[in-house]
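Structure file input-v5.cif; described as mmCIF, C-alpha atoms.
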```cif
data_final
loop_
_atom_site.group_PDB
_atom_site.id
_atom_site.type_symbol
_atom_site.label_atom_id
_atom_site.label_comp_id
_atom_site.auth_asym_id
_atom_site.auth_seq_id
_atom_site.Cartn_x
_atom_site.Cartn_y
_atom_site.Cartn_z
ATOM 1 C CA SER A 1 -58.228 61.322 9.242
ATOM 2 C CA ASP A 2 -56.548 60.390 12.533
ATOM 3 C CA VAL A 3 -59.442 58.066 13.379
ATOM 4 C CA CYS A 4 -59.078 56.452 9.959
ATOM 5 C CA SER A 5 -55.308 56.102 10.328
ATOM 6 C CA SER A 6 -55.782 54.630 13.816
ATOM 7 C CA ASP A 7 -58.208 52.042 12.431
ATOM 8 C CA LEU A 8 -55.899 51.151 9.556
ATOM 9 C CA PHE A 9 -52.836 51.024 11.799
ATOM 10 C CA ALA A 10 -54.609 48.761 14.300
ATOM 11 C CA PHE A 11 -56.027 46.511 11.552
ATOM 12 C CA PHE A 12 -52.753 46.031 9.677
ATOM 13 C CA SER A 13 -50.832 45.575 12.934
ATOM 14 C CA VAL A 14 -53.186 42.842 14.153
ATOM 15 C CA PHE A 15 -53.430 41.219 10.718
ATOM 16 C CA SER A 16 -49.671 41.115 10.084
ATOM 17 C CA THR A 17 -48.732 39.921 13.563
ATOM 18 C CA PHE A 18 -51.468 37.284 13.541
ATOM 19 C CA VAL A 19 -50.539 35.936 10.108
ATOM 20 C CA LEU A 20 -46.832 35.718 10.961
ATOM 21 C CA GLY A 21 -47.463 34.295 14.428
ATOM 22 C CA LEU A 22 -49.931 31.714 13.104
ATOM 23 C CA THR A 23 -47.621 30.697 10.252
ATOM 24 C CA LEU A 24 -44.703 30.127 12.620
ATOM 25 C CA ALA A 25 -46.952 28.295 15.083
ATOM 26 C CA LEU A 26 -48.201 25.957 12.353
ATOM 27 C CA ILE A 27 -44.671 25.270 11.088
ATOM 28 C CA PHE A 28 -43.211 24.643 14.532
ATOM 29 C CA ASN A 29 -46.102 22.626 15.929
ATOM 30 C CA ASP A 30 -44.473 19.355 14.935
ATOM 31 C CA GLU A 31 -42.766 17.587 17.833
ATOM 32 C CA ARG A 32 -40.492 15.774 15.370
ATOM 33 C CA ILE A 33 -38.535 18.974 14.667
ATOM 34 C CA ARG A 34 -35.140 18.884 16.344
ATOM 35 C CA GLY A 35 -34.407 21.744 18.699
ATOM 36 C CA LEU A 36 -38.067 22.775 18.787
ATOM 37 C CA ARG A 37 -37.750 24.411 22.210
ATOM 38 C CA ILE A 38 -34.768 26.446 21.038
ATOM 39 C CA TYR A 39 -36.653 27.749 18.014
ATOM 40 C CA ARG A 40 -39.651 28.676 20.145
ATOM 41 C CA ALA A 41 -37.422 30.457 22.642
ATOM 42 C CA ILE A 42 -35.817 32.469 19.820
ATOM 43 C CA PHE A 43 -39.218 33.526 18.467
ATOM 44 C CA ILE A 44 -40.374 34.916 21.807
ATOM 45 C CA LEU A 45 -37.158 36.888 22.450
ATOM 46 C CA PRO A 46 -38.598 40.171 21.033
ATOM 47 C CA TYR A 47 -41.425 39.794 23.564
ATOM 48 C CA ALA A 48 -38.907 39.545 26.405
ATOM 49 C CA PHE A 49 -37.170 42.870 25.697
ATOM 50 C CA PRO A 50 -38.759 46.161 26.824
ATOM 51 C CA ALA A 51 -40.770 47.631 23.959
ATOM 52 C CA PHE A 52 -39.337 51.125 24.346
ATOM 53 C CA LEU A 53 -35.769 49.796 23.975
ATOM 54 C CA SER A 54 -36.742 47.860 20.855
ATOM 55 C CA ALA A 55 -38.363 50.982 19.399
ATOM 56 C CA TYR A 56 -35.176 52.992 19.931
ATOM 57 C CA VAL A 57 -33.075 50.220 18.356
ATOM 58 C CA TRP A 58 -35.341 50.127 15.311
ATOM 59 C CA ARG A 59 -35.197 53.919 15.107
ATOM 60 C CA GLY A 60 -31.427 53.686 14.835
ATOM 61 C CA MET A 61 -31.629 50.941 12.216
ATOM 62 C CA PHE A 62 -34.014 53.056 10.122
ATOM 63 C CA ASN A 63 -31.603 55.999 10.067
ATOM 64 C CA THR A 64 -31.254 57.103 6.445
ATOM 65 C CA GLU A 65 -27.499 57.710 6.419
ATOM 66 C CA ASP A 66 -26.030 55.340 8.996
ATOM 67 C CA GLY A 67 -28.826 52.890 9.753
ATOM 68 C CA PHE A 68 -28.233 49.149 9.513
ATOM 69 C CA ILE A 69 -31.092 48.638 7.058
ATOM 70 C CA ASN A 70 -29.915 51.137 4.443
ATOM 71 C CA ARG A 71 -26.189 50.494 4.844
ATOM 72 C CA SER A 72 -26.135 46.712 5.227
ATOM 73 C CA ILE A 73 -29.399 45.142 4.100
ATOM 74 C CA LEU A 74 -30.151 47.565 1.241
ATOM 75 C CA GLY A 75 -26.558 48.608 0.589
ATOM 76 C CA PHE A 76 -26.655 47.137 -2.924
ATOM 77 C CA MET A 77 -29.015 49.960 -3.959
ATOM 78 C CA GLY A 78 -26.279 52.568 -3.604
ATOM 79 C CA SER A 79 -26.173 55.677 -1.429
ATOM 80 C CA GLU A 80 -28.239 57.716 -3.895
ATOM 81 C CA HIS A 81 -31.172 55.278 -3.544
ATOM 82 C CA ARG A 82 -31.296 55.018 0.231
ATOM 83 C CA ILE A 83 -34.824 54.927 1.599
ATOM 84 C CA PRO A 84 -35.703 57.917 3.845
ATOM 85 C CA TRP A 85 -37.522 55.721 6.343
ATOM 86 C CA LEU A 86 -38.382 58.396 8.889
ATOM 87 C CA GLU A 87 -38.477 61.452 6.616
ATOM 88 C CA GLN A 88 -41.233 60.598 4.119
ATOM 89 C CA GLN A 89 -44.845 59.608 4.649
ATOM 90 C CA GLY A 90 -44.932 56.184 2.959
ATOM 91 C CA PRO A 91 -41.622 54.805 4.290
ATOM 92 C CA ALA A 92 -42.375 56.171 7.776
ATOM 93 C CA ARG A 93 -45.684 54.329 7.923
ATOM 94 C CA ALA A 94 -44.025 51.150 6.677
ATOM 95 C CA ALA A 95 -41.320 51.559 9.337
ATOM 96 C CA VAL A 96 -43.922 51.815 12.109
ATOM 97 C CA LEU A 97 -45.741 48.705 10.872
ATOM 98 C CA LEU A 98 -42.506 46.734 10.563
ATOM 99 C CA THR A 99 -41.458 47.702 14.071
ATOM 100 C CA ASN A 100 -44.864 46.803 15.455
ATOM 101 C CA LEU A 101 -44.697 43.480 13.601
ATOM 102 C CA TRP A 102 -41.411 42.712 15.353
ATOM 103 C CA LEU A 103 -42.897 43.657 18.718
ATOM 104 C CA GLY A 104 -46.223 41.876 18.248
ATOM 105 C CA PHE A 105 -45.657 38.586 16.454
ATOM 106 C CA PRO A 106 -44.172 36.733 19.493
ATOM 107 C CA TYR A 107 -47.426 37.251 21.410
ATOM 108 C CA MET A 108 -49.453 35.892 18.491
ATOM 109 C CA PHE A 109 -47.003 32.996 18.139
ATOM 110 C CA LEU A 110 -47.478 32.085 21.806
ATOM 111 C CA ILE A 111 -51.265 32.173 21.810
ATOM 112 C CA CYS A 112 -51.530 30.375 18.453
ATOM 113 C CA THR A 113 -49.160 27.656 19.653
ATOM 114 C CA GLY A 114 -51.219 27.161 22.788
ATOM 115 C CA ALA A 115 -54.482 27.086 20.836
ATOM 116 C CA LEU A 116 -53.097 24.584 18.309
ATOM 117 C CA GLN A 117 -51.950 22.258 21.068
ATOM 118 C CA ALA A 118 -55.458 22.367 22.544
ATOM 119 C CA ILE A 119 -57.024 21.017 19.319
ATOM 120 C CA PRO A 120 -57.626 17.233 19.689
ATOM 121 C CA ASN A 121 -55.341 15.154 17.500
ATOM 122 C CA ASP A 122 -58.277 12.881 16.686
ATOM 123 C CA LEU A 123 -59.795 15.561 14.451
ATOM 124 C CA THR A 124 -56.730 16.051 12.294
ATOM 125 C CA GLU A 125 -55.924 12.324 12.191
ATOM 126 C CA ALA A 126 -59.467 11.490 11.056
ATOM 127 C CA ALA A 127 -59.294 14.163 8.366
ATOM 128 C CA GLY A 128 -55.949 12.805 7.170
ATOM 129 C CA ILE A 129 -57.362 9.289 6.968
ATOM 130 C CA ASP A 130 -60.267 10.609 4.891
ATOM 131 C CA GLY A 131 -57.752 12.023 2.403
ATOM 132 C CA ALA A 132 -57.737 15.686 3.406
ATOM 133 C CA SER A 133 -54.565 17.554 2.446
ATOM 134 C CA PRO A 134 -52.573 19.470 5.099
ATOM 135 C CA TRP A 135 -53.873 22.764 3.660
ATOM 136 C CA LYS A 136 -57.515 21.603 3.940
ATOM 137 C CA ILE A 137 -56.911 20.444 7.514
ATOM 138 C CA VAL A 138 -55.617 23.910 8.372
ATOM 139 C CA LYS A 139 -58.343 25.744 6.447
ATOM 140 C CA LEU A 140 -61.376 23.669 7.447
ATOM 141 C CA ILE A 141 -60.472 22.396 10.917
ATOM 142 C CA LYS A 142 -57.672 24.243 12.634
ATOM 143 C CA LEU A 143 -58.365 27.809 11.504
ATOM 144 C CA PRO A 144 -62.108 27.874 12.441
ATOM 145 C CA LEU A 145 -61.357 26.412 15.872
ATOM 146 C CA LEU A 146 -58.511 28.875 16.349
ATOM 147 C CA LEU A 147 -60.655 31.866 15.435
ATOM 148 C CA VAL A 148 -63.299 30.884 17.982
ATOM 149 C CA SER A 149 -60.800 30.695 20.829
ATOM 150 C CA LEU A 150 -58.603 33.600 19.724
ATOM 151 C CA ALA A 151 -61.271 36.088 18.627
ATOM 152 C CA PRO A 152 -61.463 37.851 22.032
ATOM 153 C CA LEU A 153 -57.668 38.136 22.104
ATOM 154 C CA LEU A 154 -57.613 39.556 18.578
ATOM 155 C CA ILE A 155 -60.226 42.132 19.585
ATOM 156 C CA ALA A 156 -58.150 43.056 22.632
ATOM 157 C CA SER A 157 -55.064 43.324 20.431
ATOM 158 C CA PHE A 158 -56.952 45.634 18.056
ATOM 159 C CA ALA A 159 -57.974 47.877 20.961
ATOM 160 C CA TYR A 160 -54.376 47.935 22.211
ATOM 161 C CA ASN A 161 -52.937 48.857 18.813
ATOM 162 C CA PHE A 162 -55.609 51.512 18.302
ATOM 163 C CA ASN A 163 -54.002 53.240 21.297
ATOM 164 C CA ASN A 164 -50.434 52.042 20.730
ATOM 165 C CA PHE A 165 -48.826 55.296 21.774
ATOM 166 C CA GLY A 166 -45.340 53.946 22.472
ATOM 167 C CA ALA A 167 -44.599 52.326 19.113
ATOM 168 C CA VAL A 168 -45.481 55.479 17.167
ATOM 169 C CA TYR A 169 -44.172 58.154 19.508
ATOM 170 C CA LEU A 170 -40.813 56.526 20.255
ATOM 171 C CA LEU A 171 -40.113 55.647 16.613
ATOM 172 C CA THR A 172 -41.302 58.689 14.663
ATOM 173 C CA GLY A 173 -42.884 61.044 17.183
ATOM 174 C CA GLY A 174 -45.874 61.092 14.831
ATOM 175 C CA GLY A 175 -43.823 62.638 12.019
ATOM 176 C CA PRO A 176 -42.944 63.483 9.365
ATOM 177 C CA PHE A 177 -45.215 66.462 9.880
ATOM 178 C CA LEU A 178 -47.499 67.467 7.040
ATOM 179 C CA ASN A 179 -48.010 71.168 7.745
ATOM 180 C CA PRO A 180 -45.729 72.755 10.361
ATOM 181 C CA THR A 181 -47.672 76.043 10.222
ATOM 182 C CA LEU A 182 -50.683 74.569 12.031
ATOM 183 C CA LYS A 183 -51.318 75.239 15.718
ATOM 184 C CA VAL A 184 -51.050 71.510 16.376
ATOM 185 C CA ASN A 185 -48.917 69.666 13.856
ATOM 186 C CA ALA A 186 -50.518 66.627 12.209
ATOM 187 C CA GLY A 187 -47.972 63.940 11.401
ATOM 188 C CA ALA A 188 -48.033 61.298 8.679
ATOM 189 C CA THR A 189 -47.710 58.491 11.247
ATOM 190 C CA ASP A 190 -49.972 60.052 13.860
ATOM 191 C CA ILE A 191 -52.734 57.921 15.261
ATOM 192 C CA LEU A 192 -55.503 59.430 17.325
ATOM 193 C CA ILE A 193 -53.812 58.929 20.692
ATOM 194 C CA THR A 194 -50.543 60.599 19.636
ATOM 195 C CA PHE A 195 -52.520 63.478 18.157
ATOM 196 C CA VAL A 196 -54.416 63.845 21.441
ATOM 197 C CA TYR A 197 -51.119 63.861 23.342
ATOM 198 C CA ARG A 198 -49.792 66.640 21.115
ATOM 199 C CA ILE A 199 -52.968 68.670 21.612
ATOM 200 C CA ALA A 200 -52.806 68.282 25.385
ATOM 201 C CA PHE A 201 -49.089 68.745 25.995
ATOM 202 C CA SER A 202 -47.224 69.904 22.890
ATOM 203 C CA GLY A 203 -49.290 72.654 21.293
ATOM 204 C CA SER A 204 -47.247 75.632 20.150
ATOM 205 C CA GLN A 205 -49.837 77.982 21.657
ATOM 206 C CA GLY A 206 -50.347 76.093 24.921
ATOM 207 C CA ALA A 207 -52.221 73.003 26.014
ATOM 208 C CA ASP A 208 -55.846 72.514 25.008
ATOM 209 C CA TYR A 209 -57.170 70.075 27.583
ATOM 210 C CA GLY A 210 -60.791 70.552 26.531
ATOM 211 C CA LEU A 211 -60.193 69.442 22.939
ATOM 212 C CA ALA A 212 -57.942 66.605 24.131
ATOM 213 C CA SER A 213 -60.699 65.420 26.482
ATOM 214 C CA ALA A 214 -63.227 65.466 23.655
ATOM 215 C CA PHE A 215 -60.920 63.338 21.488
ATOM 216 C CA SER A 216 -60.396 60.957 24.428
ATOM 217 C CA VAL A 217 -64.148 60.430 24.682
ATOM 218 C CA LEU A 218 -64.189 59.786 20.922
ATOM 219 C CA ILE A 219 -61.471 57.147 21.340
ATOM 220 C CA PHE A 220 -63.541 55.437 24.032
ATOM 221 C CA LEU A 221 -66.661 55.427 21.857
ATOM 222 C CA VAL A 222 -64.835 54.059 18.815
ATOM 223 C CA ILE A 223 -63.121 51.244 20.722
ATOM 224 C CA GLY A 224 -66.279 50.451 22.689
ATOM 225 C CA SER A 225 -68.375 50.218 19.524
ATOM 226 C CA ILE A 226 -65.844 48.048 17.716
ATOM 227 C CA SER A 227 -65.504 45.735 20.707
ATOM 228 C CA PHE A 228 -69.294 45.448 21.173
ATOM 229 C CA PHE A 229 -70.028 44.454 17.574
ATOM 230 C CA SER A 230 -66.957 42.200 17.388
ATOM 231 C CA PHE A 231 -67.955 40.255 20.490
ATOM 232 C CA LYS A 232 -71.457 39.825 19.074
ATOM 233 C CA ARG A 233 -69.951 38.345 15.921
ATOM 234 C CA THR A 234 -67.748 36.126 18.055
ATOM 235 C CA ARG A 235 -70.741 34.694 19.911
ATOM 236 C CA GLY A 236 -72.407 33.976 16.577
ATOM 237 C CA LEU A 237 -69.293 32.167 15.378
ATOM 238 C CA GLU A 238 -69.211 30.080 18.560
ATOM 239 C CA GLU A 239 -72.832 29.005 17.992
ATOM 240 C CA LEU A 240 -72.055 27.932 14.412
ATOM 241 C CA THR A 241 -69.076 25.786 15.426
ATOM 242 C CA GLN A 242 -70.891 24.013 18.263
#
```
Conversion result in structure tokens:
Amino acid sequence: SDVCSSDLFAFFSVFSTFVLGLTLALIFNDERIRGLRIYRAIFILPYAFPAFLSAYVWRGMFNTEDGFINRSILGFMGSEHRIPWLEQQGPARAAVLLTNLWLGFPYMFLICTGALQAIPNDLTEAAGIDGASPWKIVKLIKLPLLLVSLAPLLIASFAYNFNNFGAVYLLTGGGPFLNPTLKVNAGATDILITFVYRIAFSGSQGADYGLASAFSVLIFLVIGSISFFSFKRTRGLEELTQ
């Protein structure tokens, strides 16, 4: 189940950050927008702060009783309907994904902006003259070209999020824990790397380096296999677009 949760966590993290980063890059790729440099600088600010500090700030904002989100943003719901962000399985997983979205979208915004600026204007101008709508230009011209150039970076981002120890451990510590009577507690927000860390260093009956090593080899095999098949698909996509 930890392998499955790691895959899902990595997929949704990459998907959400890419969609938000690409959307912002498309919106703010028009040089006619006033203060364009200021907007771009604001969007990359989360990328400039240390990730561990941001995780601790988000942990405070997700506090059920005194957190900014429950008290200020969702205050209209009343104190009896406050969301237990870090105490229940569903909200805790949503909190981790939201925090990772905040930490990851500036990177996607930067690389999407650079890739969009590398697309020749002649292609989009010719499509506009032929009567293509802005949505068709994005769907049929910009997005395929972006995916070719960004596919290796998306694969690397997936591998990073598969082992994104800091975002999970600093925010929830892997909890809330499902069965505290187990030798090694399995948490609702655990991914494979945090579970391996708990096996190696936080077991209630001592460290189990052998089992942790076996899981580490499993992590390597999973990431290696995903990367191998993804790069093969990427080469096929490059051949189709040439």
Next item on the list: Have a look at A:Leu178, A:Ala214, A:Ile42, A:Ala55 and name the one nearest to Leu97 in chain A; count only C-alpha atoms.
Entry: A:Ala55
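Reported to one decimal place, the separation of CA of Ala25 in chain A from CA of Thr113 in chain A is 5.1 Å.
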Taking (-55.0, 70.4, 26.5) in the coordinates of the supplied file, I want to know which residues reach to within 7 Å of it, counting only C-alpha atoms; could you give the answer as a PDB file with C-alpha atoms, keeping the file's coordinate frame?
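See result08.pdb below for the written result:
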```pdb
ATOM      1  CA  ILE A 199     -52.968  68.670  21.612  1.00  0.00           C
ATOM      2  CA  ALA A 200     -52.806  68.282  25.385  1.00  0.00           C
ATOM      3  CA  PHE A 201     -49.089  68.745  25.995  1.00  0.00           C
ATOM      4  CA  ALA A 207     -52.221  73.003  26.014  1.00  0.00           C
ATOM      5  CA  ASP A 208     -55.846  72.514  25.008  1.00  0.00           C
ATOM      6  CA  TYR A 209     -57.170  70.075  27.583  1.00  0.00           C
ATOM      7  CA  GLY A 210     -60.791  70.552  26.531  1.00  0.00           C
ATOM      8  CA  LEU A 211     -60.193  69.442  22.939  1.00  0.00           C
ATOM      9  CA  ALA A 212     -57.942  66.605  24.131  1.00  0.00           C
TER      10      ALA A 212
END
```
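Using all atoms listed in the file, the protein and nucleic acid residues lying no more than 12 Å from range 130-140 of chain A, apart from those fewer than 6 places from it along its own chain, are Leu22, Thr23, Ala25, Leu26, Ile27, Leu116, Ile119, Asn121, Asp122, Leu123, Thr124, Leu146, Leu147 and Thr241 of chain A.
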Next item on the list: Would you mind listing what lies within 12 Å of Pro91 in chain A as a list in words, with all atoms listed in the file counted and same-chain residues fewer than 2 positions away left out?
Entry: Phe62, Asn63, Thr64, Arg82, Ile83, Pro84, Trp85, Leu86, Glu87, Gln88, Gln89, Arg93, Ala94, Ala95, Val96, Leu97, Leu98, Thr172, Gly175, Pro176, Ala188 and Thr189 of chain A
Selection to disk with C-alpha atoms, as a PDB file, in the coordinates of the input:
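For reference, part14.pdb as written:
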```pdb
ATOM      1  CA  PHE A  62     -34.014  53.056  10.122  1.00  0.00           C
ATOM      2  CA  ASN A  63     -31.603  55.999  10.067  1.00  0.00           C
ATOM      3  CA  THR A  64     -31.254  57.103   6.445  1.00  0.00           C
ATOM      4  CA  ARG A  82     -31.296  55.018   0.231  1.00  0.00           C
ATOM      5  CA  ILE A  83     -34.824  54.927   1.599  1.00  0.00           C
ATOM      6  CA  PRO A  84     -35.703  57.917   3.845  1.00  0.00           C
ATOM      7  CA  TRP A  85     -37.522  55.721   6.343  1.00  0.00           C
ATOM      8  CA  LEU A  86     -38.382  58.396   8.889  1.00  0.00           C
ATOM      9  CA  GLU A  87     -38.477  61.452   6.616  1.00  0.00           C
ATOM     10  CA  GLN A  88     -41.233  60.598   4.119  1.00  0.00           C
ATOM     11  CA  GLN A  89     -44.845  59.608   4.649  1.00  0.00           C
ATOM     12  CA  ARG A  93     -45.684  54.329   7.923  1.00  0.00           C
ATOM     13  CA  ALA A  94     -44.025  51.150   6.677  1.00  0.00           C
ATOM     14  CA  ALA A  95     -41.320  51.559   9.337  1.00  0.00           C
ATOM     15  CA  VAL A  96     -43.922  51.815  12.109  1.00  0.00           C
ATOM     16  CA  LEU A  97     -45.741  48.705  10.872  1.00  0.00           C
ATOM     17  CA  LEU A  98     -42.506  46.734  10.563  1.00  0.00           C
ATOM     18  CA  THR A 172     -41.302  58.689  14.663  1.00  0.00           C
ATOM     19  CA  GLY A 175     -43.823  62.638  12.019  1.00  0.00           C
ATOM     20  CA  PRO A 176     -42.944  63.483   9.365  1.00  0.00           C
ATOM     21  CA  ALA A 188     -48.033  61.298   8.679  1.00  0.00           C
ATOM     22  CA  THR A 189     -47.710  58.491  11.247  1.00  0.00           C
TER      23      THR A 189
END
```
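The interatomic distance for the pair CA of Asn163 in chain A and CA of Ser13 in chain A works out to 11.8 Å.
Residue membership of the PyMOL selection byres ((chain A and resi 171) around 7) in the shown file amounts to A:Ala55, A:Tyr56, A:Arg59, A:Ala167, A:Val168, A:Tyr169, A:Leu170, A:Thr172, A:Gly173.
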